[in-house]
>>> print(open('work.tsv').read())   # TSV, C-alpha atoms and all ligand atoms
chain	number	residue	atom	x	y	z
A	618	MET	CA	14.02	-23.51	7.94
A	619	LEU	CA	16.19	-21.61	5.50
A	620	SER	CA	15.59	-19.45	2.43
A	621	ILE	CA	17.52	-18.36	-0.65
A	622	THR	CA	16.61	-16.10	-3.53
A	623	THR	CA	15.18	-17.53	-6.77
A	624	ASP	CA	17.51	-15.38	-8.88
A	625	TYR	CA	20.93	-16.58	-7.67
A	626	ALA	CA	21.77	-17.39	-11.30
A	627	LYS	CA	19.19	-15.53	-13.47
A	628	ASP	CA	16.30	-13.17	-12.78
A	629	THR	CA	14.14	-13.67	-15.87
A	630	GLY	CA	12.93	-16.70	-17.82
A	631	ASP	CA	11.83	-20.12	-16.58
A	632	PRO	CA	12.32	-20.22	-12.78
A	633	SER	CA	11.53	-23.94	-12.41
A	634	PRO	CA	15.10	-25.36	-12.60
A	635	TYR	CA	16.17	-23.02	-9.79
A	636	LEU	CA	13.15	-23.82	-7.62
A	637	LYS	CA	13.96	-27.52	-8.03
A	638	HIS	CA	17.65	-27.10	-7.17
A	639	ILE	CA	16.86	-24.89	-4.15
A	640	ALA	CA	14.53	-27.56	-2.78
A	641	GLU	CA	17.01	-30.36	-3.52
A	642	ALA	CA	19.70	-28.48	-1.58
A	643	GLY	CA	17.47	-28.66	1.52
A	644	PHE	CA	16.00	-25.16	1.64
A	645	SER	CA	12.44	-24.96	2.97
A	646	HIS	CA	11.75	-21.49	1.51
A	647	THR	CA	12.63	-19.19	-1.33
A	648	HIS	CA	12.70	-15.40	-1.68
A	649	TRP	CA	10.86	-14.72	-4.97
A	650	CYS	CA	13.15	-12.31	-6.81
A	651	HIS	CA	12.44	-13.03	-10.47
A	652	HIS	CA	11.43	-9.88	-12.39
A	653	TRP	CA	12.28	-7.72	-9.36
A	654	ASN	CA	13.15	-4.74	-11.60
A	655	THR	CA	11.02	-5.29	-14.70
A	656	ASP	CA	7.52	-4.24	-15.78
A	657	PHE	CA	6.46	-7.88	-16.12
A	658	LEU	CA	2.89	-8.52	-14.93
A	659	TYR	CA	2.34	-12.09	-13.68
A	660	SER	CA	-0.86	-13.61	-15.06
A	661	LYS	CA	-3.12	-16.04	-13.22
A	662	TRP	CA	-1.78	-18.83	-15.43
A	663	GLU	CA	1.82	-18.14	-14.55
A	664	ILE	CA	1.10	-17.87	-10.83
A	665	ASP	CA	-0.86	-21.15	-10.93
A	666	GLN	CA	2.09	-22.86	-12.61
A	667	ILE	CA	4.54	-21.46	-10.06
A	668	GLN	CA	2.34	-22.85	-7.26
A	669	LYS	CA	2.33	-26.28	-8.98
A	670	TRP	CA	6.14	-26.26	-9.14
A	671	LEU	CA	6.38	-25.22	-5.48
A	672	ASP	CA	4.03	-28.05	-4.47
A	673	GLU	CA	5.90	-30.56	-6.62
A	674	TYR	CA	9.30	-29.66	-5.13
A	675	GLY	CA	8.07	-29.08	-1.58
A	676	LEU	CA	9.13	-25.45	-1.40
A	677	GLN	CA	7.41	-22.38	0.07
A	678	VAL	CA	7.69	-18.70	-0.81
A	679	LEU	CA	9.01	-16.73	2.18
A	680	ASP	CA	8.48	-13.27	0.69
A	681	LEU	CA	8.56	-11.61	-2.70
A	682	HIS	CA	10.61	-8.80	-4.22
A	683	GLY	CA	8.13	-6.46	-5.85
A	684	SER	CA	9.12	-4.19	-8.69
A	685	ALA	CA	9.54	-0.42	-8.51
A	686	GLY	CA	9.41	-0.75	-12.28
A	687	ALA	CA	11.26	0.38	-15.35
A	688	GLU	CA	8.49	2.28	-17.13
A	689	LYS	CA	5.62	1.39	-14.78
A	690	ALA	CA	7.13	3.24	-11.82
A	691	TRP	CA	5.19	3.67	-8.57
A	692	ALA	CA	7.16	6.78	-7.53
A	693	SER	CA	7.09	8.53	-10.90
A	694	ALA	CA	6.15	12.21	-11.16
A	695	GLU	CA	4.30	11.33	-14.41
A	696	GLU	CA	0.82	10.37	-13.23
A	697	HIS	CA	0.09	7.72	-15.91
A	698	GLN	CA	3.44	6.10	-15.18
A	699	ARG	CA	2.85	6.19	-11.42
A	700	LEU	CA	-0.60	4.61	-11.77
A	701	ALA	CA	0.85	1.88	-13.98
A	702	GLY	CA	3.46	1.36	-11.25
A	703	VAL	CA	0.74	1.04	-8.62
A	704	GLU	CA	-0.91	-1.59	-10.82
A	705	LEU	CA	2.42	-3.43	-11.01
A	706	VAL	CA	2.81	-3.46	-7.20
A	707	HIS	CA	-0.83	-4.53	-6.85
A	708	ASN	CA	-0.04	-7.47	-9.15
A	709	ARG	CA	2.79	-8.51	-6.80
A	710	ILE	CA	0.61	-8.14	-3.68
A	711	GLU	CA	-1.99	-10.51	-5.17
A	712	MET	CA	0.72	-12.91	-6.35
A	713	THR	CA	2.29	-12.96	-2.89
A	714	ALA	CA	-1.03	-13.77	-1.24
A	715	ARG	CA	-1.83	-16.49	-3.77
A	716	LEU	CA	1.56	-18.11	-3.18
A	717	GLY	CA	0.88	-18.17	0.56
A	718	ALA	CA	3.35	-15.46	1.58
A	719	ASP	CA	2.78	-12.16	3.38
A	720	VAL	CA	5.49	-9.61	2.53
A	721	VAL	CA	6.33	-7.69	-0.66
A	722	ILE	CA	9.70	-5.91	-0.63
A	723	MET	CA	9.93	-2.55	-2.40
A	724	HIS	CA	12.48	0.16	-3.13
A	725	VAL	CA	11.49	3.81	-2.51
A	726	PRO	CA	13.00	7.11	-3.73
A	727	HIS	CA	15.85	8.70	-1.77
A	728	ASP	CA	13.81	11.89	-1.31
A	729	PRO	CA	12.40	11.82	2.27
A	730	ALA	CA	9.67	14.27	1.21
A	731	SER	CA	8.52	12.43	-1.93
A	732	VAL	CA	4.81	13.09	-2.42
A	733	THR	CA	4.31	10.52	-5.17
A	734	ILE	CA	5.52	7.57	-3.08
A	735	ARG	CA	3.04	8.50	-0.34
A	736	ARG	CA	0.24	8.75	-2.88
A	737	SER	CA	1.08	5.27	-4.16
A	738	LEU	CA	1.40	3.78	-0.66
A	739	ASP	CA	-1.98	5.28	0.29
A	740	GLU	CA	-3.61	3.79	-2.81
A	741	LEU	CA	-2.19	0.31	-2.16
A	742	GLU	CA	-2.98	0.05	1.54
A	743	SER	CA	-6.49	-1.39	1.32
A	744	ALA	CA	-5.45	-4.08	-1.19
A	745	ALA	CA	-2.47	-5.04	0.96
A	746	ARG	CA	-4.62	-5.31	4.09
A	747	LYS	CA	-7.30	-7.28	2.24
A	748	HIS	CA	-4.69	-9.82	1.14
A	749	HIS	CA	-2.88	-9.84	4.54
A	750	VAL	CA	0.31	-8.74	2.83
A	751	ARG	CA	2.66	-6.11	4.25
A	752	ILE	CA	5.05	-3.94	2.27
A	753	ALA	CA	8.68	-3.95	3.44
A	754	ILE	CA	10.84	-1.03	2.35
A	755	GLU	CA	14.38	-2.04	1.54
A	756	ASN	CA	17.42	0.10	2.49
A	757	GLY	CA	18.21	2.36	0.70
A	758	ASP	CA	18.40	5.70	2.17
A	759	PHE	CA	17.53	5.48	5.86
A	760	ALA	CA	16.44	9.12	6.16
A	761	ALA	CA	13.67	8.47	3.61
A	762	ILE	CA	12.80	5.05	5.07
A	763	GLY	CA	12.69	6.12	8.71
A	764	LYS	CA	10.34	8.98	7.84
A	765	LEU	CA	7.98	6.73	5.86
A	766	LEU	CA	7.91	4.10	8.60
A	767	SER	CA	7.01	6.77	11.16
A	768	GLU	CA	4.02	7.79	9.04
A	769	TYR	CA	2.51	4.36	8.37
A	770	ASP	CA	1.07	1.60	10.54
A	771	PRO	CA	3.41	-1.36	11.29
A	772	GLN	CA	0.54	-3.61	10.17
A	773	TYR	CA	1.00	-2.17	6.68
A	774	LEU	CA	4.61	-0.99	6.36
A	775	GLY	CA	7.86	-2.50	7.65
A	776	LEU	CA	11.58	-2.65	6.95
A	777	CYS	CA	13.58	-5.06	4.81
A	778	TYR	CA	17.24	-4.96	5.88
A	779	ASP	CA	19.67	-5.70	3.08
A	780	SER	CA	23.00	-6.45	4.77
A	781	GLY	CA	24.97	-5.72	1.59
A	782	HIS	CA	23.39	-2.30	1.02
A	783	GLY	CA	23.92	-1.59	4.72
A	784	ASN	CA	27.65	-2.30	4.42
A	785	LYS	CA	28.53	0.34	1.85
A	786	GLY	CA	28.36	4.04	2.64
A	787	GLU	CA	25.78	4.48	5.40
A	788	PRO	CA	26.41	2.77	8.78
A	789	GLY	CA	23.55	0.34	8.09
A	790	LEU	CA	23.65	-1.57	11.37
A	791	ASP	CA	23.40	1.66	13.40
A	792	HIS	CA	20.23	2.51	11.47
A	793	LEU	CA	18.87	-1.01	11.79
A	794	GLU	CA	19.39	-0.86	15.54
A	795	LEU	CA	16.99	2.12	15.68
A	796	LEU	CA	14.36	0.52	13.41
A	797	LYS	CA	14.64	-3.12	14.50
A	798	ASP	CA	11.09	-3.20	15.86
A	799	ARG	CA	9.87	-2.69	12.25
A	800	LEU	CA	12.00	-5.45	10.69
A	801	ILE	CA	9.86	-7.91	8.68
A	802	SER	CA	12.25	-9.10	5.94
A	803	VAL	CA	15.99	-9.60	5.38
A	804	HIS	CA	18.25	-9.86	2.34
A	805	LEU	CA	21.44	-11.42	3.69
A	806	HIS	CA	24.66	-11.30	1.71
A	807	ASP	CA	28.18	-9.93	2.07
A	808	ASN	CA	30.60	-7.53	0.33
A	809	ASP	CA	33.94	-5.80	0.93
A	810	GLY	CA	32.30	-2.37	1.39
A	811	THR	CA	33.06	-1.12	-2.12
A	812	GLY	CA	29.92	-2.33	-3.90
A	813	ASP	CA	26.72	-4.41	-3.84
A	814	GLN	CA	28.38	-7.78	-4.51
A	815	HIS	CA	25.79	-10.29	-3.18
A	816	LYS	CA	28.58	-12.57	-1.96
A	817	PRO	CA	28.22	-15.50	0.48
A	818	LEU	CA	27.90	-14.77	4.19
A	819	PHE	CA	31.22	-14.40	6.07
A	820	THR	CA	33.27	-13.63	2.93
A	821	GLY	CA	33.29	-9.81	3.26
A	822	THR	CA	33.27	-7.13	5.93
A	823	VAL	CA	29.68	-7.28	7.26
A	824	ASP	CA	29.69	-7.54	11.08
A	825	TRP	CA	27.68	-10.79	11.20
A	826	GLN	CA	27.92	-11.18	14.97
A	827	ARG	CA	26.37	-7.75	15.52
A	828	LEU	CA	23.71	-8.36	12.87
A	829	ALA	CA	22.81	-11.69	14.50
A	830	ARG	CA	22.39	-9.92	17.85
A	831	ILE	CA	20.18	-7.18	16.37
A	832	MET	CA	18.06	-9.72	14.47
A	833	ALA	CA	17.62	-11.74	17.68
A	834	GLU	CA	16.29	-8.61	19.41
A	835	SER	CA	14.16	-7.48	16.45
A	836	SER	CA	10.56	-8.01	15.35
A	837	TYR	CA	11.75	-10.38	12.60
A	838	VAL	CA	10.32	-13.85	13.22
A	839	LYS	CA	11.03	-15.71	9.98
A	840	CYS	CA	14.02	-17.75	8.86
A	841	VAL	CA	17.44	-16.68	7.56
A	842	SER	CA	16.97	-15.49	3.97
A	843	MET	CA	19.93	-15.03	1.62
A	844	GLU	CA	20.04	-12.94	-1.54
A	845	LEU	CA	23.18	-14.37	-3.14
A	846	SER	CA	24.64	-14.28	-6.62
A	847	MET	CA	26.33	-17.50	-7.73
A	848	ARG	CA	28.60	-15.67	-10.18
A	849	ASN	CA	29.86	-13.23	-7.52
A	850	ALA	CA	30.37	-16.12	-5.10
A	851	GLY	CA	32.93	-17.59	-7.50
A	852	PHE	CA	31.01	-20.84	-8.10
A	853	GLU	CA	30.35	-22.41	-11.50
A	854	ASP	CA	28.69	-25.51	-10.08
A	855	GLU	CA	25.15	-24.89	-8.82
A	856	THR	CA	25.07	-27.85	-6.45
A	857	ALA	CA	28.33	-26.80	-4.75
A	858	PHE	CA	27.12	-23.18	-4.53
A	859	LEU	CA	23.80	-24.15	-2.94
A	860	ARG	CA	25.48	-26.59	-0.54
A	861	LYS	CA	27.81	-23.81	0.68
A	862	ALA	CA	24.94	-21.34	0.96
A	863	PHE	CA	22.98	-23.85	3.04
A	864	GLU	CA	25.97	-24.35	5.39
A	865	ASP	CA	26.52	-20.59	5.81
A	866	GLY	CA	22.81	-19.97	6.37
A	867	THR	CA	22.69	-22.68	9.03
A	868	THR	CA	25.73	-21.18	10.78
A	869	PHE	CA	24.11	-17.73	10.84
A	870	ALA	CA	20.76	-19.11	12.04
A	871	ASN	CA	22.66	-20.74	14.95
A	872	MET	CA	24.33	-17.40	15.74
A	873	ILE	CA	20.90	-15.73	15.98
A	874	ALA	CA	19.57	-18.56	18.14
A	875	GLU	CA	22.59	-18.19	20.44
A	876	HIS	CA	21.81	-14.48	20.97
A	877	LYS	CA	18.17	-15.29	21.67
A	878	ARG	CA	19.23	-17.69	24.42
A	879	SER	CA	21.62	-15.22	26.09
B	1	ZN	ZN	18.19	-6.76	-1.60
>>> encode(input="work.tsv", output="structure tokens")
Amino acid sequence: MLSITTDYAKDTGDPSPYLKHIAEAGFSHTHWCHHWNTDFLYSKWEIDQIQKWLDEYGLQVLDLHGSAGAEKAWASAEEHQRLAGVELVHNRIEMTARLGADVVIMHVPHDPASVTIRRSLDELESAARKHHVRIAIENGDFAAIGKLLSEYDPQYLGLCYDSGHGNKGEPGLDHLELLKDRLISVHLHDNDGTGDQHKPLFTGTVDWQRLARIMAESSYVKCVSMELSMRNAGFEDETAFLRKAFEDGTTFANMIAEHKRS
């Protein structure tokens, strides 16, 4: 089992060519990342069509990147904008459940004391529980995330560890070590420490051996999930890019398995 993001080439427009190519490359799962930062509301008709494509290609959704919004913004201080943002996240929770997945990944403000984000999380909790979907907060600022996780039930709120974000600035793996029992989603990719480059695994300065060990000891039970950008990986050919991603993902999954055995 292995997963890659839907938006390795584009994050808006018709997703079906990418779903097809992901399945053809051997991946069992995909991380739904289309429209991850837009105000786009998915309709019933669009979700039904996505499910038909997934069935046709033999692919499953692992988890889904929700949208903190552009104008519909769940942490906004403007109440109408915040409520529209809550509606947008609610849309993604329902979509996730209908596509058979159970985690929506969200970004939160850097302010550890943000009142608006707590208001929005409180308002979304019953819908999330009803649909058996958890929200995973992506790093981000660990001071804000650690505080939120301490205030909410693990059955509702968990952590998404983005290995690229964790490799620039903050010592991400040190923070992950402390919060590993809340880990429910991963965005795996690499960089050289200077920016969020979404490069292939093992091509930058992420300490993959340490990350594999922490993941093996964590609450994360799903497969290796990569959030790569084909352009930043230096590939023009989609098939070659996906083949390489599959190889790297398999190597990292074996590293995690090795740590679980020892
Ligand atoms: Zn990410």
>>> closest_residue(input="work.tsv", among="A:Leu681, A:Val823, A:Leu774, A:Val732", to="ligand ZN 1 (chain B)", atoms="all atoms listed in the file")
A:Leu681
>>> atom_distance(input="work.tsv", atom1="CA of Val703 in chain A", atom2="CA of Trp691 in chain A")
5.2 Å
>>> atom_distance(input="work.tsv", atom1="CA of Thr822 in chain A", atom2="atom ZN of ligand ZN 1 (chain B)")
16.9 Å
>>> residues_around(input="work.tsv", residues="Gly683 in chain A", least_positions_apart="6", cutoff="7 Å", atoms="all atoms listed in the file", output="number ranges by chain")
A: 653, 706, 709, 721-723
>>> closest_residue(input="work.tsv", among="A:Asp791, A:Glu755, A:Glu688, A:Asp798", to="Gln772 in chain A", atoms="only C-alpha atoms")
A:Asp798
>>> residues_near_ligand(input="work.tsv", ligand="ligand ZN 1 (chain B)", cutoff="7 Å", atoms="only C-alpha atoms and all ligand atoms", output="list in words")
Glu755, Asp779, His804 and Glu844 of chain A
>>> write_last_selection(input="work.tsv", atoms="C-alpha atoms", output="tab-separated table (two decimals), in the coordinates of the input")
chain	number	residue	atom	x	y	z
A	755	GLU	CA	14.38	-2.04	1.54
A	779	ASP	CA	19.67	-5.70	3.08
A	804	HIS	CA	18.25	-9.86	2.34
A	844	GLU	CA	20.04	-12.94	-1.54
>>> closest_residue(input="work.tsv", among="A:Val803, A:Leu658, A:Ile873, A:Cys650", to="Ser842 in chain A", atoms="only C-alpha atoms")
A:Val803
>>> closest_residue(input="work.tsv", among="A:Ser879, A:Ser620, A:Asn808, A:Ser846", to="Glu864 in chain A", atoms="all atoms listed in the file")
A:Ser620
>>> atom_distance(input="work.tsv", atom1="CA of His652 in chain A", atom2="CA of Ala685 in chain A")
10.4 Å
>>> residues_near_point(input="work.tsv", point="(15.5, -15.0, -16.4)", cutoff="12 Å", atoms="all atoms listed in the file", output="compact mmCIF listing (two decimals) with C-alpha atoms, in the frame of the given file")
# COMPACT_ATOMS: atom_id res chain seq x y z
CA THR A 623 15.18 -17.53 -6.77
CA ASP A 624 17.51 -15.38 -8.88
CA TYR A 625 20.93 -16.58 -7.67
CA ALA A 626 21.77 -17.39 -11.30
CA LYS A 627 19.19 -15.53 -13.47
CA ASP A 628 16.30 -13.17 -12.78
CA THR A 629 14.14 -13.67 -15.87
CA GLY A 630 12.93 -16.70 -17.82
CA ASP A 631 11.83 -20.12 -16.58
CA PRO A 632 12.32 -20.22 -12.78
CA SER A 633 11.53 -23.94 -12.41
CA PRO A 634 15.10 -25.36 -12.60
CA TYR A 635 16.17 -23.02 -9.79
CA CYS A 650 13.15 -12.31 -6.81
CA HIS A 651 12.44 -13.03 -10.47
CA HIS A 652 11.43 -9.88 -12.39
CA TRP A 653 12.28 -7.72 -9.36
CA ASN A 654 13.15 -4.74 -11.60
CA THR A 655 11.02 -5.29 -14.70
CA PHE A 657 6.46 -7.88 -16.12
>>> closest_residue(input="work.tsv", among="A:Gln666, A:Asn708, A:Glu768, A:His724", to="Ala745 in chain A", atoms="all atoms listed in the file")
A:Asn708
>>> closest_residue(input="work.tsv", among="A:Asp656, A:Asp813, A:Glu704, A:Glu875", to="Gly686 in chain A", atoms="only C-alpha atoms")
A:Asp656
>>> residues_near_point(input="work.tsv", point="(6.5, -18.1, -7.5)", cutoff="7 Å", atoms="only C-alpha atoms", output="list in words")
Trp649, Ile664, Ile667, Gln668, Val678 and Leu716 of chain A
>>> residues_around(input="work.tsv", residues="Leu795 in chain A", least_positions_apart="4", cutoff="10 Å", atoms="all atoms listed in the file", output="PyMOL selection string")
chain A and resi 763+790-791+799+831
>>> write_last_selection(input="work.tsv", atoms="C-alpha atoms", output="mmCIF file, keeping the file's coordinate frame")
data_model
loop_
_atom_site.group_PDB
_atom_site.id
_atom_site.type_symbol
_atom_site.label_atom_id
_atom_site.label_comp_id
_atom_site.auth_asym_id
_atom_site.auth_seq_id
_atom_site.Cartn_x
_atom_site.Cartn_y
_atom_site.Cartn_z
ATOM 1 C CA GLY A 763 12.690 6.120 8.710
ATOM 2 C CA LEU A 790 23.650 -1.570 11.370
ATOM 3 C CA ASP A 791 23.400 1.660 13.400
ATOM 4 C CA ARG A 799 9.870 -2.690 12.250
ATOM 5 C CA ILE A 831 20.180 -7.180 16.370
#
>>> residues_around(input="work.tsv", residues="His748 in chain A", least_positions_apart="3", cutoff="9 Å", atoms="all atoms listed in the file", output="PDB file with C-alpha atoms, keeping the file's coordinate frame")
ATOM      1  CA  ILE A 710       0.610  -8.140  -3.680  1.00  0.00           C
ATOM      2  CA  GLU A 711      -1.990 -10.510  -5.170  1.00  0.00           C
ATOM      3  CA  THR A 713       2.290 -12.960  -2.890  1.00  0.00           C
ATOM      4  CA  ALA A 714      -1.030 -13.770  -1.240  1.00  0.00           C
ATOM      5  CA  ARG A 715      -1.830 -16.490  -3.770  1.00  0.00           C
ATOM      6  CA  ASP A 719       2.780 -12.160   3.380  1.00  0.00           C
ATOM      7  CA  SER A 743      -6.490  -1.390   1.320  1.00  0.00           C
ATOM      8  CA  ALA A 744      -5.450  -4.080  -1.190  1.00  0.00           C
ATOM      9  CA  ALA A 745      -2.470  -5.040   0.960  1.00  0.00           C
ATOM     10  CA  ARG A 751       2.660  -6.110   4.250  1.00  0.00           C
TER      11      ARG A 751
END
